[in-house]
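> Dropping in upload_9.cif, with mmCIF, C-alpha atoms.
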data_model
#
loop_
_atom_site.label_atom_id
_atom_site.label_comp_id
_atom_site.auth_asym_id
_atom_site.auth_seq_id
_atom_site.Cartn_x
_atom_site.Cartn_y
_atom_site.Cartn_z
CA MET A 1 0.59 34.27 -4.84
CA SER A 2 2.22 33.86 -1.45
CA ASP A 3 1.21 31.62 1.39
CA ALA A 4 1.29 34.45 3.91
CA LEU A 5 -1.99 35.24 5.65
CA VAL A 6 -3.27 38.80 5.55
CA ILE A 7 -6.11 38.01 7.94
CA GLU A 8 -6.04 35.37 10.64
CA THR A 9 -8.54 34.99 13.44
CA SER A 10 -8.82 32.20 15.94
CA ASP A 11 -11.79 31.40 18.17
CA LEU A 12 -12.92 35.02 17.92
CA ARG A 13 -15.81 36.00 20.20
CA LYS A 14 -17.91 39.11 20.62
CA GLN A 15 -20.81 39.73 22.96
CA TYR A 16 -23.10 42.72 22.80
CA ASP A 17 -25.26 42.99 25.93
CA GLY A 18 -25.38 39.26 26.40
CA VAL A 19 -25.98 38.56 22.70
CA GLU A 20 -23.23 36.52 21.07
CA ALA A 21 -22.48 38.07 17.67
CA LEU A 22 -19.32 36.01 17.13
CA ARG A 23 -19.08 32.57 18.66
CA GLY A 24 -15.58 31.23 18.04
CA LEU A 25 -14.88 32.50 14.54
CA THR A 26 -11.74 31.09 12.90
CA LEU A 27 -10.78 32.57 9.56
CA GLN A 28 -7.69 32.56 7.34
CA VAL A 29 -7.33 34.84 4.34
CA PRO A 30 -4.16 34.29 2.26
CA ALA A 31 -2.37 37.13 0.47
CA GLY A 32 -3.31 37.55 -3.19
CA SER A 33 -6.79 36.11 -2.85
CA ILE A 34 -10.23 37.50 -3.56
CA PHE A 35 -12.04 36.20 -0.52
CA GLY A 36 -15.83 36.07 -0.43
CA PHE A 37 -17.39 36.25 3.03
CA LEU A 38 -20.90 34.88 2.73
CA GLY A 39 -23.65 34.93 5.29
CA ARG A 40 -27.24 35.82 5.88
CA ASN A 41 -28.20 39.19 7.26
CA GLY A 42 -27.27 39.25 10.93
CA ALA A 43 -24.87 36.29 10.70
CA GLY A 44 -21.97 38.40 12.02
CA LYS A 45 -20.32 39.67 8.81
CA THR A 46 -20.22 43.34 9.73
CA THR A 47 -19.15 42.61 13.32
CA THR A 48 -16.26 40.54 11.97
CA ILE A 49 -15.19 43.38 9.67
CA LYS A 50 -15.38 45.91 12.51
CA VAL A 51 -13.17 43.68 14.65
CA LEU A 52 -10.65 43.34 11.79
CA LEU A 53 -10.44 47.13 11.56
CA GLY A 54 -10.13 47.62 15.31
CA MET A 55 -13.46 49.43 15.45
CA VAL A 56 -14.91 46.84 17.84
CA ARG A 57 -12.99 45.04 20.60
CA PRO A 58 -13.53 41.28 20.67
CA THR A 59 -14.48 39.62 23.98
CA GLY A 60 -12.24 36.63 23.27
CA GLY A 61 -9.94 34.92 20.82
CA SER A 62 -7.23 36.39 18.63
CA VAL A 63 -7.33 38.55 15.50
CA ARG A 64 -4.37 39.47 13.31
CA VAL A 65 -4.24 41.57 10.15
CA PHE A 66 -0.84 41.65 8.38
CA GLY A 67 0.31 39.71 11.45
CA LEU A 68 -0.56 42.66 13.73
CA PRO A 69 -3.03 42.27 16.60
CA ALA A 70 -6.12 44.23 15.54
CA ASP A 71 -7.38 44.40 19.14
CA ALA A 72 -4.38 46.51 20.22
CA PRO A 73 -5.35 50.16 19.59
CA ASP A 74 -1.88 51.35 18.50
CA ARG A 75 -1.50 48.51 15.99
CA SER A 76 -5.01 48.89 14.61
CA VAL A 77 -4.07 52.42 13.51
CA GLU A 78 -1.34 50.93 11.35
CA ILE A 79 -3.76 48.29 10.05
CA ARG A 80 -6.27 50.95 9.03
CA ARG A 81 -3.53 52.85 7.22
CA ARG A 82 -2.72 49.80 5.09
CA VAL A 83 -6.34 48.76 4.42
CA GLY A 84 -8.82 50.26 1.96
CA PHE A 85 -12.29 50.00 3.46
CA VAL A 86 -15.73 50.55 1.97
CA ASN A 87 -18.65 50.07 4.30
CA ASP A 88 -22.27 49.46 3.51
CA GLU A 89 -23.23 53.11 4.04
CA LYS A 90 -20.44 54.39 1.74
CA ASP A 91 -19.58 57.17 4.20
CA LEU A 92 -18.92 60.33 2.19
CA TYR A 93 -19.37 64.04 2.87
CA ASP A 94 -22.64 64.93 1.18
CA TYR A 95 -21.87 68.66 0.90
CA MET A 96 -18.67 68.09 -1.11
CA THR A 97 -18.41 67.56 -4.84
CA VAL A 98 -16.81 64.39 -6.21
CA GLY A 99 -13.62 66.31 -7.01
CA GLU A 100 -13.50 67.92 -3.55
CA MET A 101 -13.98 64.56 -1.85
CA ILE A 102 -11.03 63.12 -3.79
CA ARG A 103 -8.81 66.16 -3.08
CA PHE A 104 -9.84 65.97 0.59
CA THR A 105 -8.96 62.27 0.90
CA ARG A 106 -5.71 62.29 -1.09
CA PRO A 107 -3.39 64.00 1.48
CA PHE A 108 -4.17 61.42 4.18
CA PHE A 109 -2.43 58.72 2.17
CA PRO A 110 1.25 59.11 1.27
CA ARG A 111 1.04 56.21 -1.18
CA TRP A 112 -1.92 57.74 -3.06
CA ARG A 113 -2.02 56.53 -6.67
CA ALA A 114 -2.67 59.50 -8.94
CA ASP A 115 -2.51 57.19 -11.98
CA LEU A 116 -5.33 55.02 -10.62
CA GLU A 117 -7.32 58.12 -9.64
CA GLN A 118 -7.31 59.28 -13.26
CA ARG A 119 -8.06 55.81 -14.57
CA TYR A 120 -11.06 55.20 -12.31
CA LEU A 121 -12.44 58.73 -12.65
CA HIS A 122 -12.59 58.05 -16.36
CA LYS A 123 -13.63 54.40 -16.21
CA PHE A 124 -16.38 54.96 -13.65
CA GLU A 125 -17.53 58.13 -15.48
CA LEU A 126 -17.62 60.06 -12.22
CA PRO A 127 -18.90 63.65 -12.53
CA ALA A 128 -16.16 65.68 -10.75
CA ASP A 129 -18.37 68.76 -10.22
CA ARG A 130 -21.49 67.00 -8.95
CA ARG A 131 -22.34 67.21 -5.23
CA ILE A 132 -22.21 63.87 -3.46
CA LYS A 133 -25.73 64.25 -2.11
CA ALA A 134 -26.98 64.33 -5.72
CA LEU A 135 -25.27 61.07 -6.70
CA SER A 136 -27.14 57.86 -7.42
CA ARG A 137 -26.45 54.89 -5.19
CA GLY A 138 -24.32 53.25 -7.87
CA THR A 139 -22.19 56.34 -8.49
CA ARG A 140 -21.74 56.77 -4.74
CA THR A 141 -20.44 53.21 -4.52
CA LYS A 142 -18.04 53.80 -7.39
CA LEU A 143 -16.68 56.95 -5.73
CA ALA A 144 -16.20 55.10 -2.42
CA LEU A 145 -14.44 52.33 -4.31
CA LEU A 146 -12.18 54.80 -6.13
CA LEU A 147 -11.14 56.33 -2.79
CA ALA A 148 -10.33 52.84 -1.44
CA LEU A 149 -8.49 51.63 -4.56
CA CYS A 150 -6.30 54.74 -4.91
CA ARG A 151 -4.84 54.80 -1.43
CA GLY A 152 -2.24 52.15 -2.26
CA ALA A 153 -3.76 49.67 0.20
CA GLU A 154 -2.42 46.13 0.58
CA LEU A 155 -5.83 44.81 1.51
CA LEU A 156 -9.31 45.90 0.55
CA ILE A 157 -12.12 45.17 2.97
CA LEU A 158 -15.53 45.72 1.43
CA ASP A 159 -18.77 45.34 3.34
CA GLU A 160 -21.53 44.44 0.87
CA PRO A 161 -19.89 46.41 -1.98
CA THR A 162 -22.68 45.82 -4.48
CA SER A 163 -25.75 46.10 -2.26
CA GLY A 164 -28.45 48.08 -4.02
CA LEU A 165 -26.69 48.13 -7.39
CA ASP A 166 -28.29 47.04 -10.65
CA PRO A 167 -26.68 44.10 -12.54
CA ALA A 168 -24.76 46.31 -14.97
CA MET A 169 -23.34 48.42 -12.15
CA THR A 170 -22.52 45.28 -10.15
CA GLU A 171 -20.58 43.91 -13.11
CA GLU A 172 -18.61 47.18 -13.37
CA VAL A 173 -17.66 47.02 -9.70
CA LEU A 174 -16.66 43.35 -9.96
CA GLN A 175 -14.58 44.08 -13.04
CA ALA A 176 -12.79 46.92 -11.25
CA LEU A 177 -11.93 44.55 -8.40
CA VAL A 178 -10.68 41.79 -10.70
CA THR A 179 -8.60 44.25 -12.72
CA HIS A 180 -7.17 45.80 -9.59
CA VAL A 181 -6.10 42.45 -8.13
CA ALA A 182 -4.62 41.41 -11.49
CA ASN A 183 -2.41 44.49 -11.61
CA GLU A 184 -1.56 45.21 -7.97
CA GLU A 185 -0.28 42.72 -5.44
CA MET A 186 -3.13 42.74 -2.97
CA ALA A 187 -5.98 40.83 -1.40
CA VAL A 188 -9.69 41.62 -1.36
CA PHE A 189 -11.96 40.52 1.47
CA PHE A 190 -15.59 41.25 0.69
CA SER A 191 -18.77 40.34 2.48
CA SER A 192 -21.88 39.57 0.55
CA HIS A 193 -25.12 37.72 0.54
CA GLN A 194 -25.11 37.71 -3.27
CA ILE A 195 -23.96 34.18 -3.99
CA ALA A 196 -23.66 34.81 -7.75
CA GLU A 197 -21.00 37.50 -7.38
CA VAL A 198 -19.00 35.45 -4.90
CA ASP A 199 -19.21 32.51 -7.32
CA GLN A 200 -17.93 34.74 -10.11
CA ILE A 201 -14.87 36.45 -8.68
CA ALA A 202 -13.84 34.79 -5.42
CA ASP A 203 -11.13 32.14 -5.30
CA ARG A 204 -11.65 31.44 -1.62
CA ILE A 205 -14.74 31.71 0.54
CA ALA A 206 -16.03 31.37 4.04
CA ILE A 207 -19.66 30.95 4.99
CA ILE A 208 -20.56 32.45 8.35
CA ASP A 209 -23.65 31.40 10.24
CA ARG A 210 -24.62 32.66 13.67
CA GLY A 211 -21.14 33.94 14.45
CA ARG A 212 -19.27 30.84 13.34
CA ILE A 213 -17.60 29.69 10.11
CA VAL A 214 -19.48 26.67 8.80
CA VAL A 215 -17.62 26.18 5.50
CA THR A 216 -14.34 27.63 4.25
CA GLY A 217 -11.81 26.83 1.57
CA ALA A 218 -10.82 27.30 -2.04
CA LEU A 219 -13.98 27.62 -4.09
CA ASP A 220 -12.72 25.18 -6.73
CA ASP A 221 -12.00 22.58 -4.04
CA LEU A 222 -15.50 23.00 -2.63
CA ARG A 223 -17.00 22.65 -6.11
CA GLU A 224 -14.96 19.50 -6.70
CA ASN A 225 -15.58 17.93 -3.31
CA PHE A 226 -19.21 18.60 -2.47
CA ARG A 227 -21.56 15.99 -3.91
CA ARG A 228 -25.18 15.07 -3.49
CA ILE A 229 -25.62 11.30 -3.54
CA GLN A 230 -29.12 10.01 -3.96
CA LEU A 231 -29.97 6.38 -3.30
CA VAL A 232 -33.30 4.96 -4.39
CA PHE A 233 -34.52 1.68 -2.92
CA ASP A 234 -37.26 -0.74 -3.94
CA HIS A 235 -38.53 -0.60 -0.37
CA ASP A 236 -38.32 2.00 2.41
CA ALA A 237 -34.83 3.48 2.67
CA PRO A 238 -32.86 1.87 5.50
CA GLU A 239 -31.67 3.76 8.58
CA ALA A 240 -28.10 3.95 7.44
CA ALA A 241 -25.25 5.05 9.68
CA PHE A 242 -22.49 6.11 7.29
CA ARG A 243 -19.03 5.97 8.76
CA SER A 244 -17.04 7.59 5.94
CA PRO A 245 -15.68 11.04 6.70
CA GLY A 246 -17.17 13.97 4.79
CA ILE A 247 -20.84 13.23 5.49
CA GLU A 248 -22.61 16.55 5.99
CA ARG A 249 -26.20 15.44 6.09
CA VAL A 250 -28.30 12.33 5.51
CA GLN A 251 -31.97 12.65 4.74
CA ARG A 252 -34.48 9.78 4.53
CA ASN A 253 -37.65 10.31 2.62
CA GLY A 254 -39.67 7.19 1.81
CA ARG A 255 -37.66 5.08 -0.61
CA VAL A 256 -35.08 7.80 -1.14
CA LEU A 257 -31.95 8.42 0.89
CA THR A 258 -30.06 11.64 0.12
CA VAL A 259 -26.52 12.16 1.35
CA LEU A 260 -24.71 15.49 1.16
CA SER A 261 -20.95 14.98 1.29
CA SER A 262 -18.19 17.56 1.55
CA ALA A 263 -15.36 15.15 0.76
CA GLY A 264 -14.59 11.58 -0.23
CA SER A 265 -17.75 10.88 -2.20
CA ASP A 266 -16.03 7.78 -3.68
CA ARG A 267 -15.86 6.07 -0.29
CA ILE A 268 -19.40 7.10 0.55
CA VAL A 269 -20.63 5.55 -2.70
CA GLU A 270 -18.74 2.37 -1.83
CA GLU A 271 -20.48 2.29 1.52
CA ALA A 272 -23.82 3.03 -0.14
CA ARG A 273 -23.43 0.11 -2.55
CA ALA A 274 -23.39 -2.26 0.42
CA LEU A 275 -26.98 -1.19 1.12
CA SER A 276 -27.93 -2.53 -2.36
CA PRO A 277 -30.00 0.41 -3.58
CA ALA A 278 -31.84 0.14 -6.90
CA SER A 279 -30.01 3.21 -8.17
CA ILE A 280 -27.29 5.62 -7.14
CA ASP A 281 -27.20 9.16 -8.52
CA ILE A 282 -24.31 11.52 -7.88
CA ALA A 283 -24.58 15.19 -8.72
CA PRO A 284 -22.34 18.22 -8.19
CA VAL A 285 -23.54 20.79 -5.68
CA THR A 286 -23.53 24.50 -6.45
CA LEU A 287 -22.29 27.16 -4.05
CA LYS A 288 -25.88 28.27 -3.61
CA GLU A 289 -26.86 24.78 -2.47
CA ILE A 290 -23.83 24.54 -0.19
CA PHE A 291 -24.87 27.86 1.32
CA LEU A 292 -28.49 26.85 1.80
CA GLU A 293 -27.51 23.47 3.24
CA THR A 294 -25.01 24.83 5.75
CA VAL A 295 -26.73 27.90 7.16
CA VAL A 296 -29.49 27.37 9.65
CA ALA A 297 -32.93 28.25 8.37
CA GLU A 298 -34.73 31.04 10.15
CA ASP A 299 -36.75 29.65 12.96
CA MET B 1 -12.58 33.15 -28.62
CA LEU B 2 -13.10 32.21 -24.96
CA LEU B 3 -16.58 32.62 -23.58
CA ARG B 4 -17.74 33.58 -20.15
CA PRO B 5 -17.75 30.57 -17.87
CA ASN B 6 -20.88 29.83 -15.88
CA PRO B 7 -19.84 30.39 -12.26
CA SER B 8 -22.96 28.85 -10.77
CA SER B 9 -22.87 25.51 -12.58
CA GLY B 10 -21.03 23.77 -9.76
CA VAL B 11 -18.13 23.00 -12.12
CA PRO B 12 -14.89 24.79 -11.14
CA ILE B 13 -14.30 27.79 -13.38
CA TYR B 14 -10.71 26.77 -14.15
CA LEU B 15 -11.99 23.43 -15.49
CA GLN B 16 -14.51 25.26 -17.68
CA LEU B 17 -11.71 27.43 -19.06
CA MET B 18 -9.52 24.39 -19.72
CA GLU B 19 -12.40 22.74 -21.58
CA GLN B 20 -12.86 25.84 -23.70
CA VAL B 21 -9.19 26.02 -24.66
CA LYS B 22 -9.18 22.30 -25.49
CA HIS B 23 -12.33 22.69 -27.51
CA SER B 24 -10.81 25.60 -29.43
CA ILE B 25 -7.83 23.39 -30.26
CA GLU B 26 -10.08 20.49 -31.30
CA THR B 27 -12.07 22.67 -33.63
CA GLY B 28 -8.96 24.30 -35.02
CA ALA B 29 -9.88 27.76 -33.69
CA LEU B 30 -6.50 27.60 -31.92
CA ARG B 31 -3.60 25.98 -33.77
CA PRO B 32 -0.23 24.70 -32.52
CA GLY B 33 2.12 27.64 -31.99
CA GLU B 34 -0.65 30.21 -31.72
CA GLN B 35 -0.82 32.56 -28.77
CA LEU B 36 -3.55 32.47 -26.14
CA PRO B 37 -4.94 35.63 -24.55
CA GLY B 38 -2.83 37.03 -21.69
CA MET B 39 -3.92 35.99 -18.20
CA ARG B 40 -4.68 39.49 -16.90
CA PRO B 41 -6.60 40.74 -19.95
CA LEU B 42 -8.55 37.48 -19.98
CA ALA B 43 -9.47 37.78 -16.29
CA GLU B 44 -10.62 41.35 -16.93
CA GLU B 45 -12.57 40.42 -20.03
CA LEU B 46 -14.36 37.46 -18.47
CA VAL B 47 -14.64 39.22 -15.05
CA ILE B 48 -13.22 36.26 -13.18
CA ASN B 49 -10.45 35.88 -10.65
CA PRO B 50 -6.93 36.24 -12.15
CA ASN B 51 -5.78 33.33 -9.97
CA THR B 52 -8.40 31.15 -11.67
CA VAL B 53 -7.02 31.96 -15.13
CA ALA B 54 -3.50 31.31 -13.88
CA LYS B 55 -4.60 27.94 -12.50
CA ALA B 56 -6.25 26.93 -15.80
CA TYR B 57 -3.12 27.88 -17.76
CA ARG B 58 -0.85 26.04 -15.30
CA GLU B 59 -2.95 22.89 -15.57
CA LEU B 60 -3.01 23.10 -19.35
CA GLU B 61 0.77 23.48 -19.32
CA HIS B 62 1.04 20.51 -16.98
CA GLU B 63 -0.99 18.44 -19.46
CA GLY B 64 1.38 19.54 -22.24
CA ILE B 65 -1.34 21.30 -24.19
CA ILE B 66 0.08 24.80 -23.92
CA GLU B 67 3.48 26.29 -23.16
CA LEU B 68 4.02 29.25 -20.86
CA ARG B 69 6.98 31.26 -22.11
CA HIS B 70 8.25 33.62 -19.47
CA GLY B 71 7.42 37.19 -20.34
CA ALA B 72 6.01 36.26 -23.75
CA GLY B 73 2.74 34.60 -22.79
CA ALA B 74 0.96 31.31 -23.43
CA PHE B 75 1.12 29.34 -26.69
CA VAL B 76 -0.51 26.16 -27.98
CA SER B 77 2.13 23.41 -27.82
CA MET B 78 3.89 22.26 -30.97
CA ASN B 79 4.76 18.91 -29.34
CA GLY B 80 1.93 16.86 -30.75
CA ARG B 81 -0.15 16.87 -27.57
CA ALA B 82 -2.55 19.30 -29.18
CA LYS B 83 -2.87 17.00 -32.21
CA LYS B 84 -3.30 13.98 -29.94
CA LEU B 85 -6.07 15.85 -28.18
CA THR B 86 -7.86 16.26 -31.49
CA ASP B 87 -7.42 12.55 -32.29
CA THR B 88 -8.53 11.42 -28.81
CA MET B 89 -11.58 13.61 -29.01
CA ARG B 90 -12.50 12.35 -32.46
CA ALA B 91 -12.23 8.73 -31.23
CA GLY B 92 -14.25 9.64 -28.13
CA GLN B 93 -16.91 11.28 -30.27
CA THR B 94 -17.36 8.06 -32.22
CA MET B 95 -17.70 6.01 -29.02
CA VAL B 96 -20.18 8.43 -27.45
CA ALA B 97 -22.19 8.64 -30.67
CA GLY B 98 -22.44 4.83 -30.73
CA THR B 99 -23.54 4.64 -27.09
CA VAL B 100 -26.11 7.40 -27.54
CA GLU B 101 -27.47 5.66 -30.64
CA ARG B 102 -27.88 2.35 -28.78
CA LEU B 103 -29.60 4.06 -25.83
CA ARG B 104 -32.00 5.85 -28.15
CA ALA B 105 -32.79 2.54 -29.84
CA ARG B 106 -33.83 1.24 -26.40
CA GLY B 107 -36.22 4.15 -26.05
CA VAL B 108 -34.15 6.20 -23.57
CA THR B 109 -34.89 9.90 -24.09
CA ASP B 110 -32.15 12.49 -24.69
CA GLU B 111 -32.86 14.10 -21.33
CA GLU B 112 -32.44 10.72 -19.62
CA ILE B 113 -29.22 10.07 -21.53
CA ARG B 114 -27.89 13.46 -20.40
CA ARG B 115 -28.66 12.61 -16.78
CA LEU B 116 -27.01 9.19 -17.12
CA PHE B 117 -23.83 10.79 -18.46
CA GLU B 118 -23.81 13.42 -15.74
CA ALA B 119 -24.29 10.82 -13.01
CA ALA B 120 -21.50 8.66 -14.45
CA LEU B 121 -19.16 11.67 -14.66
CA ALA B 122 -19.90 12.80 -11.11
CA GLY B 123 -19.32 9.27 -9.81
CA PRO B 124 -16.06 7.67 -8.75
CA SER B 125 -13.56 6.95 -11.50
CA THR B 126 -12.39 3.39 -12.08
CA THR B 127 -9.31 4.36 -14.10
CA GLY B 128 -7.95 6.99 -11.74
CA GLY B 129 -8.41 9.81 -14.22
CA HIS B 130 -10.87 12.50 -13.24
CA GLY B 131 -11.37 15.43 -15.54
CA GLU B 132 -7.86 15.02 -16.92
#
Written as structure tokens, that's how I'd like the structure from this file.

Amino acid sequence: MSDALVIETSDLRKQYDGVEALRGLTLQVPAGSIFGFLGRNGAGKTTTIKVLLGMVRPTGGSVRVFGLPADAPDRSVEIRRRVGFVNDEKDLYDYMTVGEMIRFTRPFFPRWRADLEQRYLHKFELPADRRIKALSRGTRTKLALLLALCRGAELLILDEPTSGLDPAMTEEVLQALVTHVANEEMAVFFSSHQIAEVDQIADRIAIIDRGRIVVTGALDDLRENFRRIQLVFDHDAPEAAFRSPGIERVQRNGRVLTVLSSAGSDRIVEEARALSPASIDIAPVTLKEIFLETVVAED
Amino acid sequence: MLLRPNPSSGVPIYLQLMEQVKHSIETGALRPGEQLPGMRPLAEELVINPNTVAKAYRELEHEGIIELRHGAGAFVSMNGRAKKLTDTMRAGQTMVAGTVERLRARGVTDEEIRRLFEAALAGPSTTGGHGE
């Protein structure tokens, strides 16, 4: 694993007709990582991906992929050549057969991997003679993934790769990604609103909410650092102003005070002891809870 | 030998893997000198991130429980750390069993005991060790 960044954005902004889709998005994706990009529908995931691929021009901020500015048209061509991309619609030519689609795609990519093509054709059990319009949603996804994996890309960008797939199919796609990263030096950046799959295969994540990153980091660090601290008092919970860093949220409810911390729970507990609660409970917080706590509820 | 970790438990997956390897050594399913599964095949089998497996193996090596031999793979250490692990765990088992017995005698239910242990584990450490 290297420390180099394959994706780096800073204060990225995008406005569509006065609507702010991205509002100062700062993102860093290191080489060799499987990076989960989590957010609710409409949070700005697809806009971010389009900016990374040079398909949408940002209104402000900077965006670099492989160190190249993605908002410069000539450089974005080079970026697209080095990136394997699967979008939500799994754009494929419906009138072609699976075999024709592969033979059509192959010549565009000088680094095409015939060995991987054979492996995934077999592994995904793709019917070479079937027309694409007759494929199930899952098989369509697997074909799109094969085309992205075989082009010898240094970075895979996947927009909701498992949307609409059943659990068995999802597992197959996740396994293909894990295997691919284990054997090829590359990074995967995938957007999702399926927390379970991000939990399973990502080593780094970012949570996007309303065009901004609200949480990002190594998933293991987040799991180790986020804590829910619950204080129970014999009387009404005091109005406590915690000064320790890492306080995400404090909630008072009758005799109970709940603190969500993103770091330094030890110091927060120290501070809490000074309030002399009857009991202190500390519990780990799951990614799902982190997600639900950090994204703004629909109003 | 190694089972699928539970990604949504809130416990880092590499820690779950480390626990499983240690447990296998404690129970004798893995013996000193024996080889562990390769990192890539294990990542594929468990469908988890290869970096996570690498991190678990590195940490286990750091603790002296396994040895990573370049090009050959990972092996349970012959240096006595694995045996010490077994002894430490046996001693710990006795202590925990005693504590659980005393709590039960006071009328604390098993579910309550489980929550007490979890709260104590999630809390700050007084000896500086945390999960190690």
> Would you write out, as JSON, numbers by chain, every residue that the PyMOL selection byres ((chain B) within 9 of (chain A)) captures in this file?
{"B": [5, 6, 7, 8, 9, 10, 11, 12, 13, 14, 15, 39, 40, 41, 43, 44, 45, 46, 47, 48, 49, 50, 51, 52, 116, 118, 119, 120, 121, 122, 123, 124, 125]}
> Residues near Leu85 (chain B), anyone? I mean within 9 Å using only C-alpha atoms, not counting same-chain ones fewer than 2 positions away, as an mmCIF file with C-alpha atoms, in the coordinates of the input.

data_model
loop_
_atom_site.group_PDB
_atom_site.id
_atom_site.type_symbol
_atom_site.label_atom_id
_atom_site.label_comp_id
_atom_site.auth_asym_id
_atom_site.auth_seq_id
_atom_site.Cartn_x
_atom_site.Cartn_y
_atom_site.Cartn_z
ATOM 1 C CA LYS B 22 -9.180 22.300 -25.490
ATOM 2 C CA ILE B 25 -7.830 23.390 -30.260
ATOM 3 C CA GLU B 26 -10.080 20.490 -31.300
ATOM 4 C CA ILE B 65 -1.340 21.300 -24.190
ATOM 5 C CA GLY B 80 1.930 16.860 -30.750
ATOM 6 C CA ARG B 81 -0.150 16.870 -27.570
ATOM 7 C CA ALA B 82 -2.550 19.300 -29.180
ATOM 8 C CA LYS B 83 -2.870 17.000 -32.210
ATOM 9 C CA ASP B 87 -7.420 12.550 -32.290
ATOM 10 C CA THR B 88 -8.530 11.420 -28.810
ATOM 11 C CA MET B 89 -11.580 13.610 -29.010
ATOM 12 C CA ARG B 90 -12.500 12.350 -32.460
#
> One decimal, in Å: what's the spacing between CA of Leu68 (chain A) and CA of Ser10 (chain A)?
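Value for the CA of Leu68 (chain A)-CA of Ser10 (chain A) distance: 13.5 Å.
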> So what do you get for CA of Arg58 (chain B) versus CA of Arg204 (chain A), distance-wise?
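Answer for the CA of Arg58 (chain B) to CA of Arg204 (chain A) separation: 18.2 Å.
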> Rank nothing, just name the residue among A:Asp236, A:Glu154, A:Gly60, A:Arg131 nearest to Glu20 (chain A), using all atoms listed in the file.
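So, comparing all the options, the nearest one is A:Gly60.
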> Run the PyMOL selection byres ((chain A and resi 100) around 12) against the file shown and list the residues it catches, as a PyMOL selection string.
chain A and resi 92-99+101-107+127-132+143+147
> Rounded to one decimal place, report the CA of Thr294 (chain A)-CA of Phe117 (chain B) distance in Å.
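Separation of CA of Thr294 (chain A) and CA of Phe117 (chain B): 28.0 Å.
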> List the spatial neighbours of Ala21 (chain A) as a ChimeraX atom specification - criterion: any atom at most 12 Å away, all atoms listed in the file, same-chain residues fewer than 3 positions off excluded.
/A:12-18,24-25,41-48,50-51,56,58-60,208-212
> Which residue gives the smallest distance to Leu53 (chain A) among A:Asp159, A:Glu185, A:Asp115, A:Glu248, with all atoms listed in the file counted?
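Smallest separation from Leu53 (chain A) among the options: A:Asp159.
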> Closest to Val53 (chain B) among B:Val76, B:Ala91, B:Leu2, B:Val100, using all atoms listed in the file?
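Ranked by minimum distance to Val53 (chain B), first place goes to B:Leu2.
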> For Ser262 (chain A), which residue among A:Gly138, A:Pro238, A:Gly217, A:Gly246 is the nearest when counting only C-alpha atoms?
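Of all the options, A:Gly246 lies closest to Ser262 (chain A).
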> Taking all atoms listed in the file into account, name the residue in A:Phe37, A:Phe109, A:Phe233, A:Phe124 that is nearest to Glu160 (chain A).
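So, comparing all the options, the nearest one is A:Phe37.
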